[in-house]
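Student: To be precise about what I am sending: the file is called entry02.cif and holds mmCIF, C-alpha atoms (C1' of nucleotides).
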```
data_target
#
loop_
_atom_site.label_atom_id
_atom_site.label_comp_id
_atom_site.auth_asym_id
_atom_site.auth_seq_id
_atom_site.Cartn_x
_atom_site.Cartn_y
_atom_site.Cartn_z
CA MET A 1 -37.96 30.86 43.68
CA PRO A 2 -34.79 32.00 45.42
CA ASN A 3 -31.52 32.13 43.54
CA VAL A 4 -30.56 28.67 44.60
CA GLN A 5 -27.09 27.68 43.58
CA LYS A 6 -25.89 24.22 44.24
CA ILE A 7 -27.17 22.74 47.43
CA ALA A 8 -24.70 20.32 48.94
CA ASP A 9 -25.76 16.89 50.11
CA SER A 10 -25.35 17.70 53.75
CA GLU A 11 -27.27 20.93 53.35
CA LEU A 12 -30.06 19.00 51.74
CA GLU A 13 -30.53 17.05 54.96
CA ILE A 14 -31.43 20.28 56.70
CA LEU A 15 -33.92 21.19 54.02
CA LYS A 16 -35.51 17.78 54.22
CA VAL A 17 -36.18 18.32 57.89
CA LEU A 18 -37.65 21.74 57.24
CA TRP A 19 -39.85 20.42 54.48
CA LYS A 20 -41.43 18.01 56.92
CA ASP A 21 -42.28 20.82 59.30
CA SER A 22 -41.31 24.44 59.71
CA PRO A 23 -40.45 26.88 61.13
CA ARG A 24 -38.10 25.09 63.44
CA THR A 25 -35.27 26.13 65.67
CA SER A 26 -31.74 24.90 65.17
CA ASN A 27 -32.20 22.63 68.13
CA GLU A 28 -35.30 21.09 66.69
CA ILE A 29 -33.47 20.51 63.45
CA TYR A 30 -30.58 19.01 65.37
CA ASP A 31 -32.96 16.66 67.16
CA ALA A 32 -34.72 15.66 64.00
CA LEU A 33 -31.41 14.72 62.43
CA LYS A 34 -29.96 12.94 65.43
CA GLN A 35 -30.97 9.48 64.25
CA ASN A 36 -29.63 9.51 60.74
CA LYS A 37 -27.10 12.29 60.84
CA PRO A 38 -25.60 12.57 64.30
CA TRP A 39 -23.92 15.89 63.66
CA SER A 40 -22.83 18.35 66.29
CA LYS A 41 -25.04 21.35 66.88
CA SER A 42 -22.26 23.42 65.48
CA THR A 43 -22.33 21.51 62.23
CA VAL A 44 -26.07 21.88 61.99
CA LEU A 45 -25.75 25.64 62.46
CA THR A 46 -23.03 25.85 59.84
CA LEU A 47 -25.22 24.09 57.33
CA ILE A 48 -28.18 26.29 58.16
CA SER A 49 -26.13 29.39 57.66
CA ARG A 50 -24.75 28.18 54.37
CA LEU A 51 -28.27 27.52 53.21
CA ALA A 52 -29.25 30.98 54.34
CA GLU A 53 -26.40 32.48 52.32
CA LYS A 54 -27.62 30.57 49.31
CA GLY A 55 -31.11 31.91 49.87
CA ALA A 56 -32.55 28.47 50.48
CA VAL A 57 -33.74 29.07 54.03
CA SER A 58 -35.18 32.10 55.72
CA SER A 59 -35.47 32.83 59.40
CA PHE A 60 -37.05 35.11 61.94
CA LYS A 61 -36.24 35.64 65.55
CA ARG A 62 -38.69 35.36 68.39
CA GLY A 63 -36.35 34.91 71.31
CA VAL A 64 -34.50 32.28 69.40
CA HIS A 65 -34.20 31.90 65.63
CA PHE A 66 -36.73 29.95 63.65
CA TYR A 67 -35.88 28.64 60.23
CA SER A 68 -38.04 27.82 57.22
CA PRO A 69 -37.27 26.59 53.74
CA ALA A 70 -37.18 29.32 51.13
CA LEU A 71 -37.11 26.64 48.47
CA SER A 72 -40.00 24.19 48.47
CA GLU A 73 -39.49 20.49 48.01
CA ARG A 74 -41.54 20.75 44.85
CA GLU A 75 -39.21 23.37 43.47
CA TYR A 76 -36.16 21.42 44.48
CA ILE A 77 -37.42 18.26 42.82
CA LYS A 78 -38.20 20.24 39.72
CA LEU A 79 -34.68 21.63 39.57
CA GLN A 80 -33.15 18.22 40.09
CA ALA A 81 -35.47 16.48 37.70
CA ASN A 82 -34.82 18.97 34.94
CA SER A 83 -31.11 18.96 35.38
CA PHE A 84 -30.99 15.17 35.46
CA LEU A 85 -33.16 14.93 32.37
CA GLU A 86 -30.90 17.28 30.50
CA ARG A 87 -27.62 15.91 31.72
CA ILE A 88 -28.31 12.25 31.19
CA PHE A 89 -31.04 11.98 28.60
CA GLU A 90 -30.50 15.16 26.63
CA GLY A 91 -33.94 16.32 27.57
CA SER A 92 -35.82 13.36 26.16
CA ILE A 93 -38.46 12.21 28.61
CA LYS A 94 -39.21 9.34 26.34
CA ASP A 95 -35.66 8.09 26.57
CA LEU A 96 -35.71 8.54 30.30
CA VAL A 97 -38.92 6.63 30.81
CA ALA A 98 -37.78 3.97 28.43
CA TYR A 99 -34.58 3.58 30.36
CA TYR A 100 -36.27 3.04 33.68
CA CYS A 101 -38.85 0.71 32.23
CA GLU A 102 -36.23 -1.41 30.55
CA ASN A 103 -33.57 -1.51 33.17
CA ASN A 104 -35.46 -2.13 36.32
CA ASP A 105 -37.89 -4.59 37.65
CA LEU A 106 -41.30 -3.11 37.44
CA THR A 107 -44.03 -5.41 38.62
CA GLN A 108 -47.10 -6.06 36.53
CA GLU A 109 -48.94 -3.83 38.95
CA ASP A 110 -46.52 -1.01 38.37
CA LEU A 111 -46.86 -1.37 34.65
CA LYS A 112 -50.62 -1.37 34.92
CA GLU A 113 -50.58 1.76 36.99
CA LEU A 114 -48.22 3.51 34.70
CA LYS A 115 -50.37 2.64 31.77
CA LYS A 116 -53.39 3.97 33.54
CA MET A 117 -51.53 7.15 34.31
CA ILE A 118 -50.56 7.60 30.70
CA GLU A 119 -54.01 6.84 29.44
CA SER A 120 -55.46 9.41 31.76
CA ARG A 121 -53.25 11.99 30.11
CA GLU A 122 -53.93 10.87 26.62
CA GLU A 123 -56.08 13.32 24.76
CA MET B 1 -16.88 -1.79 36.41
CA PRO B 2 -14.05 0.19 37.96
CA ASN B 3 -14.32 1.48 41.44
CA VAL B 4 -15.67 4.79 40.32
CA GLN B 5 -16.03 7.40 42.97
CA LYS B 6 -17.64 10.70 42.21
CA ILE B 7 -16.87 12.03 38.81
CA ALA B 8 -16.82 15.81 38.77
CA ASP B 9 -18.68 17.76 36.13
CA SER B 10 -15.52 18.90 34.39
CA GLU B 11 -14.12 15.39 34.41
CA LEU B 12 -17.30 14.18 32.81
CA GLU B 13 -16.58 16.36 29.79
CA ILE B 14 -13.46 14.33 29.17
CA LEU B 15 -15.32 11.07 29.45
CA LYS B 16 -17.97 12.29 27.04
CA VAL B 17 -15.30 12.91 24.45
CA LEU B 18 -13.81 9.48 25.00
CA TRP B 19 -17.19 7.82 24.76
CA LYS B 20 -17.63 9.27 21.30
CA ASP B 21 -14.33 7.81 20.18
CA SER B 22 -11.30 6.27 21.81
CA PRO B 23 -8.45 5.80 22.36
CA ARG B 24 -7.45 9.40 21.93
CA THR B 25 -4.44 11.43 22.85
CA SER B 26 -4.63 14.37 25.21
CA ASN B 27 -4.29 16.68 22.23
CA GLU B 28 -7.19 15.08 20.46
CA ILE B 29 -9.26 15.44 23.58
CA TYR B 30 -8.18 19.04 23.88
CA ASP B 31 -9.22 19.68 20.30
CA ALA B 32 -12.55 17.96 20.70
CA LEU B 33 -13.34 20.13 23.70
CA LYS B 34 -12.12 23.39 22.24
CA GLN B 35 -15.55 24.54 21.08
CA ASN B 36 -17.55 24.06 24.23
CA LYS B 37 -14.88 23.95 26.87
CA PRO B 38 -11.92 26.06 25.87
CA TRP B 39 -9.62 24.77 28.55
CA SER B 40 -5.86 24.89 28.53
CA LYS B 41 -4.01 21.72 27.64
CA SER B 42 -2.80 21.66 31.17
CA THR B 43 -6.34 21.63 32.50
CA VAL B 44 -7.27 18.83 30.16
CA LEU B 45 -4.31 16.80 31.36
CA THR B 46 -5.19 17.45 34.98
CA LEU B 47 -8.71 16.21 34.43
CA ILE B 48 -7.48 13.14 32.60
CA SER B 49 -5.13 12.29 35.41
CA ARG B 50 -7.82 12.75 38.03
CA LEU B 51 -10.02 10.40 36.06
CA ALA B 52 -7.16 7.94 35.86
CA GLU B 53 -6.72 8.09 39.64
CA LYS B 54 -10.40 7.37 40.01
CA GLY B 55 -10.08 4.42 37.70
CA ALA B 56 -12.38 5.93 35.12
CA VAL B 57 -9.91 6.11 32.28
CA SER B 58 -7.09 3.85 31.24
CA SER B 59 -4.18 4.57 28.97
CA PHE B 60 -1.35 3.02 27.02
CA LYS B 61 1.68 4.57 25.53
CA ARG B 62 2.75 4.25 21.95
CA GLY B 63 5.06 7.19 21.56
CA VAL B 64 2.50 9.41 23.18
CA HIS B 65 -0.24 8.38 25.62
CA PHE B 66 -3.62 7.23 24.41
CA TYR B 67 -6.59 7.33 26.72
CA SER B 68 -9.78 5.29 26.82
CA PRO B 69 -12.76 5.27 29.14
CA ALA B 70 -12.64 2.56 31.78
CA LEU B 71 -16.24 3.32 32.61
CA SER B 72 -18.71 2.96 29.79
CA GLU B 73 -21.42 5.49 29.17
CA ARG B 74 -23.95 2.76 29.85
CA GLU B 75 -22.41 2.12 33.25
CA TYR B 76 -22.22 5.80 34.01
CA ILE B 77 -25.85 6.32 33.14
CA LYS B 78 -26.77 3.41 35.31
CA LEU B 79 -24.94 4.86 38.28
CA GLN B 80 -26.51 8.24 37.78
CA ALA B 81 -29.96 6.87 37.14
CA ASN B 82 -29.89 4.75 40.26
CA SER B 83 -28.60 7.47 42.47
CA PHE B 84 -31.12 9.96 41.13
CA LEU B 85 -33.94 7.49 41.60
CA GLU B 86 -32.95 6.91 45.19
CA ARG B 87 -32.18 10.49 46.10
CA ILE B 88 -35.25 12.11 44.64
CA PHE B 89 -37.91 9.45 44.39
CA GLU B 90 -36.90 7.14 47.21
CA GLY B 91 -36.41 4.35 44.73
CA SER B 92 -39.90 4.42 43.31
CA ILE B 93 -39.76 4.20 39.54
CA LYS B 94 -43.49 4.64 39.45
CA ASP B 95 -43.22 7.98 41.22
CA LEU B 96 -40.41 9.00 38.94
CA VAL B 97 -42.22 8.15 35.75
CA ALA B 98 -45.39 9.72 37.09
CA TYR B 99 -43.50 12.87 37.86
CA TYR B 100 -42.15 13.29 34.38
CA CYS B 101 -45.43 12.45 32.75
CA GLU B 102 -47.32 14.95 34.85
CA ASN B 103 -44.90 17.80 34.93
CA ASN B 104 -43.79 18.11 31.38
CA ASP B 105 -45.38 18.63 28.10
CA LEU B 106 -45.54 15.33 26.40
CA THR B 107 -47.17 15.30 23.03
CA GLN B 108 -49.89 12.84 22.16
CA GLU B 109 -47.29 11.03 20.14
CA ASP B 110 -45.00 10.77 23.10
CA LEU B 111 -47.78 9.41 25.24
CA LYS B 112 -48.69 6.90 22.60
CA GLU B 113 -45.13 5.70 22.36
CA LEU B 114 -44.75 5.47 26.07
CA LYS B 115 -47.91 3.46 26.29
CA LYS B 116 -46.67 1.14 23.62
CA MET B 117 -43.42 0.75 25.46
CA ILE B 118 -45.21 -0.16 28.64
CA GLU B 119 -47.59 -2.51 26.93
CA SER B 120 -44.70 -4.32 25.35
CA ARG B 121 -43.38 -5.05 28.80
CA GLU B 122 -46.66 -6.05 30.26
CA GLU B 123 -47.02 -9.71 31.11
"C1'" DG C 1 -27.23 43.05 87.66
"C1'" DA C 2 -24.03 38.86 87.76
"C1'" DA C 3 -23.56 34.19 86.72
"C1'" DT C 4 -24.69 30.77 83.89
"C1'" DA C 5 -26.60 28.35 80.21
"C1'" DT C 6 -27.70 28.43 75.55
"C1'" DA C 7 -27.72 30.06 70.79
"C1'" DT C 8 -25.13 32.11 67.08
"C1'" DT C 9 -21.06 33.46 64.68
"C1'" DT C 10 -16.17 32.93 63.63
"C1'" DT C 11 -12.53 30.36 62.64
"C1'" DA C 12 -10.50 26.01 61.17
"C1'" DC C 13 -9.02 22.46 58.48
"C1'" DA C 14 -8.83 18.59 55.21
"C1'" DG C 15 -10.44 16.89 50.90
"C1'" DA C 16 -12.72 17.83 46.24
"C1'" DT C 17 -13.13 20.75 42.24
"C1'" DG C 18 -12.11 24.20 38.59
"C1'" DT C 19 -8.49 26.10 36.48
"C1'" DA C 20 -3.81 26.56 34.92
"C1'" DG C 21 1.38 27.92 35.32
"C1'" DA C 22 6.02 25.86 36.15
"C1'" DT C 23 8.86 22.10 35.69
"C1'" DT C 24 10.39 17.94 33.98
"C1'" DT C 25 10.54 14.19 30.76
"C1'" DC C 26 10.89 12.42 26.39
"C1'" DA C 27 10.83 11.77 21.33
"C1'" DT C 28 12.69 13.50 17.18
"C1'" DG C 29 15.18 16.05 13.77
"C1'" DA C 30 19.64 18.11 12.79
"C1'" DT D 1 24.18 13.31 20.72
"C1'" DC D 2 22.26 17.60 21.45
"C1'" DA D 3 18.74 20.88 21.05
"C1'" DT D 4 14.13 21.67 20.82
"C1'" DG D 5 9.47 21.34 21.16
"C1'" DA D 6 5.73 18.80 22.70
"C1'" DA D 7 3.71 15.84 26.33
"C1'" DA D 8 3.22 14.73 31.01
"C1'" DT D 9 3.68 15.66 35.87
"C1'" DC D 10 3.95 18.71 39.76
"C1'" DT D 11 2.63 22.55 42.09
"C1'" DA D 12 -0.71 26.14 42.97
"C1'" DC D 13 -4.55 28.45 44.44
"C1'" DA D 14 -9.38 29.84 45.15
"C1'" DT D 15 -13.83 28.02 46.14
"C1'" DC D 16 -16.94 24.47 47.94
"C1'" DT D 17 -18.01 20.76 51.14
"C1'" DG D 18 -18.01 18.06 55.43
"C1'" DT D 19 -17.19 18.53 59.90
"C1'" DA D 20 -16.66 20.91 64.27
"C1'" DA D 21 -14.12 23.64 68.08
"C1'" DA D 22 -13.51 28.36 69.84
"C1'" DA D 23 -15.35 32.66 70.69
"C1'" DT D 24 -19.00 35.61 71.33
"C1'" DA D 25 -23.59 37.19 72.01
"C1'" DT D 26 -27.84 36.64 74.20
"C1'" DA D 27 -31.35 34.96 77.31
"C1'" DT D 28 -32.49 33.29 81.83
"C1'" DT D 29 -32.13 32.60 86.65
"C1'" DC D 30 -30.91 33.95 91.21
#
```
Let me see the file written as structure tokens.

Tutor:
Amino acid sequence: MPNVQKIADSELEILKVLWKDSPRTSNEIYDALKQNKPWSKSTVLTLISRLAEKGAVSSFKRGVHFYSPALSEREYIKLQANSFLERIFEGSIKDLVAYYCENNDLTQEDLKELKKMIESREE
Amino acid sequence: MPNVQKIADSELEILKVLWKDSPRTSNEIYDALKQNKPWSKSTVLTLISRLAEKGAVSSFKRGVHFYSPALSEREYIKLQANSFLERIFEGSIKDLVAYYCENNDLTQEDLKELKKMIESREE
DNA sequence: GAATATATTTTACAGATGTAGATTTCATGA
DNA sequence: TCATGAAATCTACATCTGTAAAATATATTC
């Protein structure tokens, strides 16, 4: 796993695109973002290069540059999930799960599925 | 709930102190932080005033100023929990709970308790 | 190879954050 | 009431983030 410092929100958008499919060129990334994040090509390139500095994307050049994530979505989620768990629930998964179960509307189906999931992990 | 914009990590340290006990003076906050965050008094005051601007702490003056959180820990956790849920698990609590159950070492006890918790909410 | 189009890098700039010194205000004791 | 010391505000400054224009390098076409 690369030495990934903080990844800014806008940078994350680039990674999300690359996680869907890579390698991609800056133009392809630009196009993929056009709908939700209508940034200039320049902005897209800036974000890519910041990610590259942070070691979160790699690239190779075949005519034009092609970019790939150097940090997988799985790894990213893991980092976020751990940091959130620590920051907010002092590392207690039980507290975290309890919080979400108590404070949100889970349907009976959801509860059933969760129970199944837990049972499948029980001994 | 105050109109709380982003609360920076360092600002959060102030709030944590105030959540433990309030109102407190800037000196008391400074003292409480000394161990973990040996910041200058000036820094502490800067953070307090940024929090005040953001509407996250209030104060009154009796001789010296006393500060209190205007955002409760409960509210803060709620904001964080919601934003995390959306950002990382696209709003699916099921996915979130599943993630933590699958990717961490929960003891049999933990699982049992979680199951109980879920059962208690079932139907 | 020169002109042009396109991709990449540099520079920019405002706002947020981490950190704190300098300055001012204010309460309090002499 | 004046000095003094503490508290509060103002100013500062580097780094990060969001956003992009300007400049440059590179590929492509005639």

Student: Run the PyMOL selection byres ((chain B) within 12 of (chain A)) mentally over the shown coordinates, then write out the matched residues as a PDB file with C-alpha atoms, in the frame of the given file, using the chain letters and numbers from the document.

Tutor:
```
ATOM      1  CA  ASP B   9     -18.680  17.760  36.130  1.00  0.00           C
ATOM      2  CA  LEU B  12     -17.300  14.180  32.810  1.00  0.00           C
ATOM      3  CA  GLU B  13     -16.580  16.360  29.790  1.00  0.00           C
ATOM      4  CA  LYS B  16     -17.970  12.290  27.040  1.00  0.00           C
ATOM      5  CA  GLU B  73     -21.420   5.490  29.170  1.00  0.00           C
ATOM      6  CA  ARG B  74     -23.950   2.760  29.850  1.00  0.00           C
ATOM      7  CA  GLU B  75     -22.410   2.120  33.250  1.00  0.00           C
ATOM      8  CA  TYR B  76     -22.220   5.800  34.010  1.00  0.00           C
ATOM      9  CA  ILE B  77     -25.850   6.320  33.140  1.00  0.00           C
ATOM     10  CA  LYS B  78     -26.770   3.410  35.310  1.00  0.00           C
ATOM     11  CA  LEU B  79     -24.940   4.860  38.280  1.00  0.00           C
ATOM     12  CA  GLN B  80     -26.510   8.240  37.780  1.00  0.00           C
ATOM     13  CA  ALA B  81     -29.960   6.870  37.140  1.00  0.00           C
ATOM     14  CA  ASN B  82     -29.890   4.750  40.260  1.00  0.00           C
ATOM     15  CA  SER B  83     -28.600   7.470  42.470  1.00  0.00           C
ATOM     16  CA  PHE B  84     -31.120   9.960  41.130  1.00  0.00           C
ATOM     17  CA  LEU B  85     -33.940   7.490  41.600  1.00  0.00           C
ATOM     18  CA  ARG B  87     -32.180  10.490  46.100  1.00  0.00           C
ATOM     19  CA  ILE B  88     -35.250  12.110  44.640  1.00  0.00           C
ATOM     20  CA  PHE B  89     -37.910   9.450  44.390  1.00  0.00           C
ATOM     21  CA  GLU B  90     -36.900   7.140  47.210  1.00  0.00           C
ATOM     22  CA  GLY B  91     -36.410   4.350  44.730  1.00  0.00           C
ATOM     23  CA  SER B  92     -39.900   4.420  43.310  1.00  0.00           C
ATOM     24  CA  ILE B  93     -39.760   4.200  39.540  1.00  0.00           C
ATOM     25  CA  LYS B  94     -43.490   4.640  39.450  1.00  0.00           C
ATOM     26  CA  ASP B  95     -43.220   7.980  41.220  1.00  0.00           C
ATOM     27  CA  LEU B  96     -40.410   9.000  38.940  1.00  0.00           C
ATOM     28  CA  VAL B  97     -42.220   8.150  35.750  1.00  0.00           C
ATOM     29  CA  ALA B  98     -45.390   9.720  37.090  1.00  0.00           C
ATOM     30  CA  TYR B  99     -43.500  12.870  37.860  1.00  0.00           C
ATOM     31  CA  TYR B 100     -42.150  13.290  34.380  1.00  0.00           C
ATOM     32  CA  CYS B 101     -45.430  12.450  32.750  1.00  0.00           C
ATOM     33  CA  GLU B 102     -47.320  14.950  34.850  1.00  0.00           C
ATOM     34  CA  ASN B 103     -44.900  17.800  34.930  1.00  0.00           C
ATOM     35  CA  ASN B 104     -43.790  18.110  31.380  1.00  0.00           C
ATOM     36  CA  ASP B 105     -45.380  18.630  28.100  1.00  0.00           C
ATOM     37  CA  LEU B 106     -45.540  15.330  26.400  1.00  0.00           C
ATOM     38  CA  THR B 107     -47.170  15.300  23.030  1.00  0.00           C
ATOM     39  CA  GLN B 108     -49.890  12.840  22.160  1.00  0.00           C
ATOM     40  CA  GLU B 109     -47.290  11.030  20.140  1.00  0.00           C
ATOM     41  CA  ASP B 110     -45.000  10.770  23.100  1.00  0.00           C
ATOM     42  CA  LEU B 111     -47.780   9.410  25.240  1.00  0.00           C
ATOM     43  CA  LYS B 112     -48.690   6.900  22.600  1.00  0.00           C
ATOM     44  CA  GLU B 113     -45.130   5.700  22.360  1.00  0.00           C
ATOM     45  CA  LEU B 114     -44.750   5.470  26.070  1.00  0.00           C
ATOM     46  CA  LYS B 115     -47.910   3.460  26.290  1.00  0.00           C
ATOM     47  CA  LYS B 116     -46.670   1.140  23.620  1.00  0.00           C
ATOM     48  CA  MET B 117     -43.420   0.750  25.460  1.00  0.00           C
ATOM     49  CA  ILE B 118     -45.210  -0.160  28.640  1.00  0.00           C
ATOM     50  CA  GLU B 119     -47.590  -2.510  26.930  1.00  0.00           C
ATOM     51  CA  SER B 120     -44.700  -4.320  25.350  1.00  0.00           C
ATOM     52  CA  ARG B 121     -43.380  -5.050  28.800  1.00  0.00           C
ATOM     53  CA  GLU B 122     -46.660  -6.050  30.260  1.00  0.00           C
ATOM     54  CA  GLU B 123     -47.020  -9.710  31.110  1.00  0.00           C
TER      55      GLU B 123
END
```

Student: Return as a ChimeraX atom specification the residues belonging to chain A that are within 9 Å of chain C, counting all atoms listed in the file.

Tutor: /A:26,45,64-65

Student: For the file shown, report as a PyMOL selection string the outcome of the PyMOL selection byres ((chain D) within 12 of (chain B)) at residue level.

Tutor: chain D and resi 6-11

Student: At a cut-off of 12 Å around the point (-40.2, 18.8, 57.6) (file coordinates), what residues fall inside when counting only C-alpha atoms (C1' of nucleotides)? I'd like the answer as a list in words.

Tutor: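 All residues meeting the 12 Å criterion around (-40.2, 18.8, 57.6) are Leu12, Glu13, Ile14, Leu15, Lys16, Val17, Leu18, Trp19, Lys20, Asp21, Ser22, Pro23, Arg24, Thr25, Glu28, Ile29, Ala32, Leu33, Tyr67, Ser68, Pro69, Ser72 and Glu73 of chain A.
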
Student: Expand the PyMOL selection byres ((chain D and resi 16) around 10) into the explicit residue set it covers here, and present it as a PyMOL selection string.

Tutor: (chain A and resi 6+8) or (chain C and resi 16-17) or (chain D and resi 14-15+17-18)

Student: One number please: C1' of DA21 in chain D to CA of Thr43 in chain A, in Å, one decimal.

Tutor: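 CA of Thr43 in chain A lies 10.3 Å from C1' of DA21 in chain D.
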